[in-house]
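J.: Structure file my_file.txt (compact mmCIF, C-alpha atoms and all ligand atoms) is given on the next line.
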# COMPACT_ATOMS: atom_id res chain seq x y z
CA MET P 17 12.27 3.45 -10.04
CA ARG P 18 13.68 5.55 -7.21
CA LEU P 19 11.47 8.54 -6.48
CA VAL P 20 13.01 10.33 -3.50
CA ASP P 21 15.52 9.37 -0.79
CA ASN P 22 15.24 5.61 -0.27
CA LEU P 23 11.73 5.31 -1.70
CA TYR P 24 11.17 3.25 -4.85
CA CYS P 25 7.92 3.21 -6.83
CA TYR P 26 6.65 0.33 -8.94
CA ILE P 27 3.73 1.62 -10.95
CA TRP P 28 1.62 -1.12 -12.50
CA THR P 29 1.52 -0.73 -16.28
CA GLY P 30 -0.23 -3.93 -17.34
CA ARG P 31 -3.70 -4.12 -18.90
CA GLY P 32 -5.48 -5.97 -16.11
CA ASN P 33 -5.94 -5.01 -12.49
CA ASN P 34 -3.09 -4.77 -10.02
CA CYS P 35 -1.92 -2.21 -7.48
CA ASN P 36 1.12 0.04 -7.45
CA SER P 37 3.82 -1.06 -5.02
CA TYR P 38 6.15 1.15 -3.00
CA LEU P 39 9.37 0.14 -1.30
CA PHE P 40 11.63 1.76 1.32
CA THR P 41 15.17 0.41 1.16
CA ASN P 42 17.55 -0.18 4.07
CA VAL P 43 15.39 0.86 6.98
CA LEU P 44 15.14 -2.24 9.17
CA ARG P 45 17.68 -3.83 11.44
CA GLY P 46 18.96 -7.27 10.58
CA HIS P 47 19.65 -8.87 7.24
CA ARG P 48 16.33 -8.12 5.55
CA PRO P 49 16.27 -4.32 5.64
CA HIS P 50 13.61 -3.37 3.07
CA VAL P 51 9.94 -2.50 3.66
CA LEU P 52 7.42 -3.18 0.88
CA VAL P 53 3.99 -1.55 0.79
CA ASP P 54 1.31 -3.54 -1.11
CA PRO P 55 2.95 -6.35 -3.13
CA GLY P 56 -0.20 -6.74 -5.28
CA HIS P 57 -1.40 -9.74 -7.24
CA VAL P 58 0.58 -12.86 -8.03
CA VAL P 59 -1.40 -13.32 -11.26
CA ASN P 60 -4.34 -11.11 -12.20
CA GLU P 61 -7.63 -11.69 -14.00
CA LEU P 62 -5.93 -11.41 -17.41
CA LYS P 63 -3.31 -13.95 -16.33
CA GLU P 64 -0.62 -11.29 -16.27
CA ARG P 65 2.22 -12.35 -13.97
CA CYS P 66 2.15 -9.33 -11.68
CA LEU P 67 4.55 -10.58 -9.01
CA ASP P 68 7.15 -11.68 -11.56
CA HIS P 69 6.90 -8.24 -13.09
CA LEU P 70 7.38 -6.53 -9.72
CA LEU P 71 10.37 -8.71 -8.86
CA SER P 72 12.09 -8.10 -12.18
CA SER P 73 11.51 -4.34 -11.86
CA MET P 74 13.00 -4.44 -8.37
CA ALA P 75 15.96 -6.49 -9.61
CA LYS P 76 16.71 -3.79 -12.17
CA ASP P 77 17.06 -1.39 -9.22
CA GLY P 78 19.34 -3.88 -7.45
CA ILE P 79 16.66 -4.88 -4.93
CA GLU P 80 16.08 -8.54 -4.10
CA ALA P 81 12.84 -10.00 -2.76
CA GLU P 82 14.84 -11.98 -0.17
CA ASP P 83 15.87 -8.67 1.42
CA ILE P 84 12.32 -7.60 2.26
CA GLY P 85 11.79 -7.79 6.03
CA LEU P 86 8.36 -6.22 6.35
CA ILE P 87 5.27 -6.12 4.15
CA ILE P 88 2.73 -3.41 4.95
CA ASN P 89 -0.73 -3.73 3.42
CA THR P 90 -2.77 -0.56 3.05
CA HIS P 91 -5.82 -2.83 3.09
CA SER P 92 -6.77 -6.46 2.57
CA HIS P 93 -8.14 -6.58 -0.98
CA PRO P 94 -6.42 -9.31 -3.03
CA ASP P 95 -5.08 -6.89 -5.64
CA HIS P 96 -2.93 -5.41 -2.85
CA CYS P 97 -1.92 -8.46 -0.84
CA GLU P 98 -2.28 -11.67 -2.84
CA ALA P 99 1.53 -11.82 -3.21
CA ASN P 100 2.16 -11.49 0.57
CA GLN P 101 2.61 -15.18 1.20
CA ALA P 102 4.77 -15.82 -1.87
CA LEU P 103 7.15 -13.09 -0.74
CA VAL P 104 7.25 -14.45 2.81
CA GLU P 105 8.20 -17.86 1.42
CA ARG P 106 10.97 -16.33 -0.68
CA SER P 107 12.32 -14.43 2.30
CA ARG P 108 12.83 -17.70 4.22
CA ALA P 109 15.57 -18.64 1.76
CA LYS P 110 17.84 -15.95 3.15
CA ARG P 111 19.83 -16.81 6.25
CA GLY P 112 21.75 -14.44 8.41
CA LYS P 113 22.04 -13.04 11.87
CA GLY P 114 19.53 -10.82 13.59
CA GLY P 115 15.89 -10.09 12.90
CA ALA P 116 13.06 -12.50 12.18
CA LYS P 117 13.39 -15.75 10.21
CA ARG P 118 11.21 -14.44 7.41
CA ALA P 119 9.47 -11.30 6.24
CA LEU P 120 6.68 -10.10 8.53
CA ILE P 121 3.25 -8.93 7.42
CA THR P 122 1.24 -6.14 8.96
CA LEU P 123 -2.00 -4.24 8.44
CA HIS P 124 -4.56 -2.42 10.57
CA GLN P 125 -6.47 -4.53 13.10
CA ASP P 126 -9.87 -3.38 11.78
CA GLU P 127 -8.82 -4.61 8.35
CA ALA P 128 -7.77 -8.03 9.65
CA GLU P 129 -11.17 -8.37 11.35
CA TYR P 130 -12.93 -7.27 8.18
CA GLN P 131 -10.94 -9.77 6.16
CA ARG P 132 -11.85 -12.58 8.54
CA ALA P 133 -15.53 -11.63 8.45
CA ALA P 134 -15.93 -10.73 4.77
CA GLY P 135 -12.95 -12.44 3.14
CA GLU P 136 -14.72 -15.42 1.58
CA TRP P 137 -17.68 -13.42 0.41
CA LEU P 138 -15.37 -10.77 -0.97
CA ALA P 139 -13.27 -13.42 -2.69
CA ARG P 140 -16.36 -14.54 -4.59
CA ILE P 141 -17.06 -10.98 -5.73
CA LEU P 142 -13.45 -10.21 -6.60
CA GLY P 143 -12.72 -13.66 -8.02
CA THR P 144 -9.67 -14.34 -5.88
CA GLU P 145 -8.60 -14.53 -2.27
CA ALA P 146 -5.41 -13.54 -0.48
CA LYS P 147 -4.60 -15.89 2.39
CA PHE P 148 -2.08 -14.71 4.97
CA GLU P 149 -1.71 -14.16 8.71
CA PRO P 150 -0.57 -10.77 9.95
CA ASP P 151 2.33 -10.85 12.41
CA PHE P 152 1.27 -7.66 14.17
CA TYR P 153 -1.23 -4.86 13.74
CA LEU P 154 -0.63 -1.29 12.70
CA ARG P 155 -2.01 1.43 14.89
CA GLU P 156 -2.69 5.06 14.29
CA GLY P 157 0.56 6.94 14.95
CA ILE P 158 4.26 6.84 14.25
CA LEU P 159 5.86 3.57 13.20
CA ASN P 160 9.56 3.84 13.92
CA LEU P 161 11.49 1.74 11.45
CA GLY P 162 15.19 1.05 11.83
CA LYS P 163 17.64 1.20 14.67
CA GLU P 164 18.58 4.80 14.20
CA ARG P 165 14.98 5.67 13.39
CA LYS P 166 16.00 6.11 9.82
CA ILE P 167 12.45 6.83 8.84
CA ASN P 168 9.36 7.71 10.79
CA LEU P 169 6.31 6.53 8.92
CA GLU P 170 3.03 7.76 10.28
CA THR P 171 0.10 5.38 10.04
CA LEU P 172 -3.19 7.14 9.45
CA HIS P 173 -6.36 5.13 9.80
CA THR P 174 -8.35 6.23 6.75
CA PRO P 175 -11.47 4.04 6.43
CA GLY P 176 -14.11 4.31 3.72
CA HIS P 177 -12.87 2.09 0.90
CA SER P 178 -12.58 -0.62 3.55
CA PRO P 179 -12.92 -0.47 7.37
CA GLY P 180 -9.21 -0.71 8.17
CA SER P 181 -7.65 1.09 5.21
CA ILE P 182 -4.53 3.00 6.13
CA SER P 183 -2.44 5.73 4.55
CA LEU P 184 1.27 6.12 5.25
CA TYR P 185 2.76 9.56 5.69
CA ARG P 186 6.40 10.56 5.90
CA ALA P 187 6.48 14.18 7.05
CA ASP P 188 10.19 14.86 6.43
CA ASN P 189 9.83 14.58 2.65
CA GLY P 190 6.08 14.99 2.25
CA VAL P 191 5.40 11.47 0.99
CA LEU P 192 1.86 10.13 1.33
CA ILE P 193 0.93 6.58 0.27
CA THR P 194 -2.85 6.44 0.03
CA GLY P 195 -3.77 2.88 -0.97
CA ASP P 196 -7.30 3.00 -2.41
CA VAL P 197 -8.47 6.06 -0.48
CA VAL P 198 -7.66 8.66 -3.10
CA PHE P 199 -6.20 8.52 -6.63
CA TYR P 200 -5.19 10.98 -9.32
CA GLY P 201 -8.60 12.48 -10.16
CA ALA P 202 -10.63 9.72 -8.50
CA VAL P 203 -11.44 7.98 -5.20
CA GLY P 204 -11.62 4.38 -4.01
CA ARG P 205 -14.80 2.37 -4.50
CA THR P 206 -17.32 2.31 -1.71
CA ASP P 207 -19.80 -0.07 -3.37
CA ILE P 208 -18.14 -3.28 -2.25
CA PRO P 209 -18.73 -4.80 1.22
CA GLY P 210 -16.95 -2.73 3.87
CA GLY P 211 -17.18 0.47 1.84
CA ASP P 212 -18.63 3.63 3.42
CA GLY P 213 -18.91 6.90 1.51
CA ARG P 214 -19.26 9.11 4.59
CA LEU P 215 -16.09 7.65 6.13
CA LEU P 216 -14.22 7.95 2.84
CA LYS P 217 -15.09 11.63 2.67
CA GLU P 218 -13.84 12.17 6.24
CA SER P 219 -10.62 10.29 5.46
CA ILE P 220 -9.92 12.29 2.30
CA GLU P 221 -10.69 15.53 4.15
CA ARG P 222 -8.15 14.55 6.77
CA LEU P 223 -5.45 13.65 4.22
CA SER P 224 -6.01 16.95 2.41
CA GLN P 225 -4.84 18.82 5.53
CA LEU P 226 -1.35 17.28 5.35
CA ASP P 227 1.69 18.91 3.80
CA ILE P 228 2.18 16.65 0.75
CA GLU P 229 4.87 16.80 -1.91
CA TYR P 230 4.33 13.32 -3.38
CA LEU P 231 0.92 11.65 -3.40
CA LEU P 232 1.34 7.95 -4.15
CA PRO P 233 -1.94 6.14 -4.87
CA GLY P 234 -2.64 2.42 -4.95
CA HIS P 235 -3.80 2.55 -8.57
CA SER P 236 -3.25 4.72 -11.61
CA THR P 237 -6.11 6.42 -13.45
CA GLU P 238 -6.50 8.00 -16.89
CA PHE P 239 -4.86 11.09 -15.34
CA GLY P 240 -1.74 9.31 -14.13
CA ALA P 241 -0.28 7.62 -11.08
CA ILE P 242 1.92 9.74 -8.84
CA ILE P 243 1.08 13.38 -8.16
CA LYS P 244 4.21 15.46 -7.65
CA GLY P 245 4.31 18.95 -6.20
CA LYS P 246 2.25 20.65 -3.47
CA GLU P 247 0.16 22.68 -5.90
CA LYS P 248 -0.85 19.70 -8.02
CA VAL P 249 -1.72 17.75 -4.89
CA ARG P 250 -3.84 20.64 -3.65
CA GLN P 251 -5.61 20.85 -7.00
CA ASN P 252 -6.31 17.13 -6.91
CA PHE P 253 -7.99 17.36 -3.51
CA ALA P 254 -10.00 20.36 -4.71
CA PHE P 255 -11.11 18.42 -7.83
CA ILE P 256 -12.15 15.44 -5.73
CA LYS P 257 -14.05 17.51 -3.19
CA MET P 258 -15.96 19.23 -5.95
CA ASN P 259 -16.64 16.24 -8.19
CA TYR P 260 -16.79 13.24 -5.87
CA PHE P 261 -17.89 14.48 -2.44
CA PRO P 262 -21.49 15.18 -3.56
CA LEU P 263 -21.72 11.56 -4.73
CA LEU P 264 -20.35 9.94 -1.59
ZN ZN K 301 -9.09 -2.05 -2.65
What would you get if you wrote out this structure as structure tokens?
Ligand SMILES: [Zn+2]
T.:
Amino acid sequence: MRLVDNLYCYIWTGRGNNCNSYLFTNVLRGHRPHVLVDPGHVVNELKERCLDHLLSSMAKDGIEAEDIGLIINTHSHPDHCEANQALVERSRAKRGKGGAKRALITLHQDEAEYQRAAGEWLARILGTEAKFEPDFYLREGILNLGKERKINLETLHTPGHSPGSISLYRADNGVLITGDVVFYGAVGRTDIPGGDGRLLKESIERLSQLDIEYLLPGHSTEFGAIIKGKEKVRQNFAFIKMNYFPLL
């Protein structure tokens, strides 16, 4: 579903666990122009075929997996990046001039180090593991995508749910993708290895200072998925500061 400009949202509606995915169309040079944020699970704990579901939803919007040139992971938990490698393999099928030979994968360096150190242990806790190699690391600051700088995505290092969690902010239309930092009426877990309540609080405090029109979380809650409108976003941060900050 297209939300605003060239941003498409794929909100997970299955019964088991999986993340929401977000996609920016036609921003990269070369023949694979799309950027996907958090592809999610291939198959989840209830054996729901999450990746197939994402791909068929994208196809309905006229978007093909082969046209994805960059996969950004907000963090390294398997419910956000298990499908990385499958999508990279699919992207190899497409041939054309310019750009890389396949889709590239990126995440924050602290997250890659965390994944290397805690990945196996975490896999045992979470019941699955996502194996992939990042092609480059994201840094705090502006990520210019596209030849004509069609979009400027700002990477914000927002640790707390995991050490290298990032949020992605697009100032020109007030879009903020938060991964598992903050949700509609809830916050990301800090009770799994790599979690840190004090850091999560600082990260949420920082995000709350931004001018946000669309808050796009990594998971839906009983309250909903996407928060639209500055006032609703402001209310959500106020709710979280009041109800969650004392517990973190
Ligand atoms: Zn997570």
J.: Check which residues fall inside 12 Å of ligand ZN 301 (chain K) when counting only C-alpha atoms and all ligand atoms, and print them as an MDAnalysis selection string.
T.: chainID P and resid 33:36 54 56:57 89:98 127 131 138 142 175:182 194:199 203:211 233:235
J.: With all atoms listed in the file as the basis for distance, which of P:Leu44, P:Lys147, P:His173, P:Arg155 is at the shortest distance from P:Ala119?
T.: P:Leu44
J.: For a test of reading the model, state the distance in Å between atom CA of P:Glu221 and atom CA of P:Ile242, rounded to one decimal.
T.: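 Taking atom CA of P:Glu221 as the start and atom CA of P:Ile242 as the end point, the length is 19.0 Å.
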J.: Just checking: using all atoms listed in the file, which residue out of P:Arg65, P:Gln101, P:Tyr24, P:Ile167 ends up closest to P:Val43?
T.: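 Among the listed residues, the smallest separation from P:Val43 belongs to P:Ile167.
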J.: Is there a way to get, as a PyMOL selection string, all residues within 9 Å of the point (13.8, -1.9, 3.2) in file coordinates, counting all atoms listed in the file?
T.: chain P and resi 22-23+39-44+48-52+83-86
J.: In Å, how far is it from atom CA of P:Val58 to atom CA of P:Val104?
T.: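 Calculated distance between atom CA of P:Val58 and atom CA of P:Val104 is 12.8 Å.
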J.: Just give me the gap between atom CA of P:His69 and atom CA of P:Gly245 in Å, one decimal is fine.
T.: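 Those two atoms sit 28.2 Å apart.
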J.: Which of these residues is nearest to P:Arg118, using all atoms listed in the file: P:Leu71, P:His47, P:Ile79, P:Thr171?
T.: P:His47
J.: Of the residues P:Leu223, P:Ile228, P:Gly201, P:Gln125, which is the one nearest to P:Gly240, using all atoms listed in the file?
T.: P:Gly201
J.: Any idea what's packed within 10 Å of P:Lys257, counting only C-alpha atoms, ignoring anything in its chain fewer than 6 positions away? Could you give it as a list of chain:residue names?
T.: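 Those residues are P:Lys217, P:Ile220, P:Glu221, P:Ser224, P:Gln251, P:Leu263, P:Leu264.
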J.: Give me the residues near P:Cys25 as a list in words, where near means some atom within 9 Å (using only C-alpha atoms) and where sequence neighbours in that chain fewer than 6 positions away do not count.
T.: Met17, Arg18, Leu19, Asn36, Ser37, Tyr38, Leu39 and Leu232 of chain P
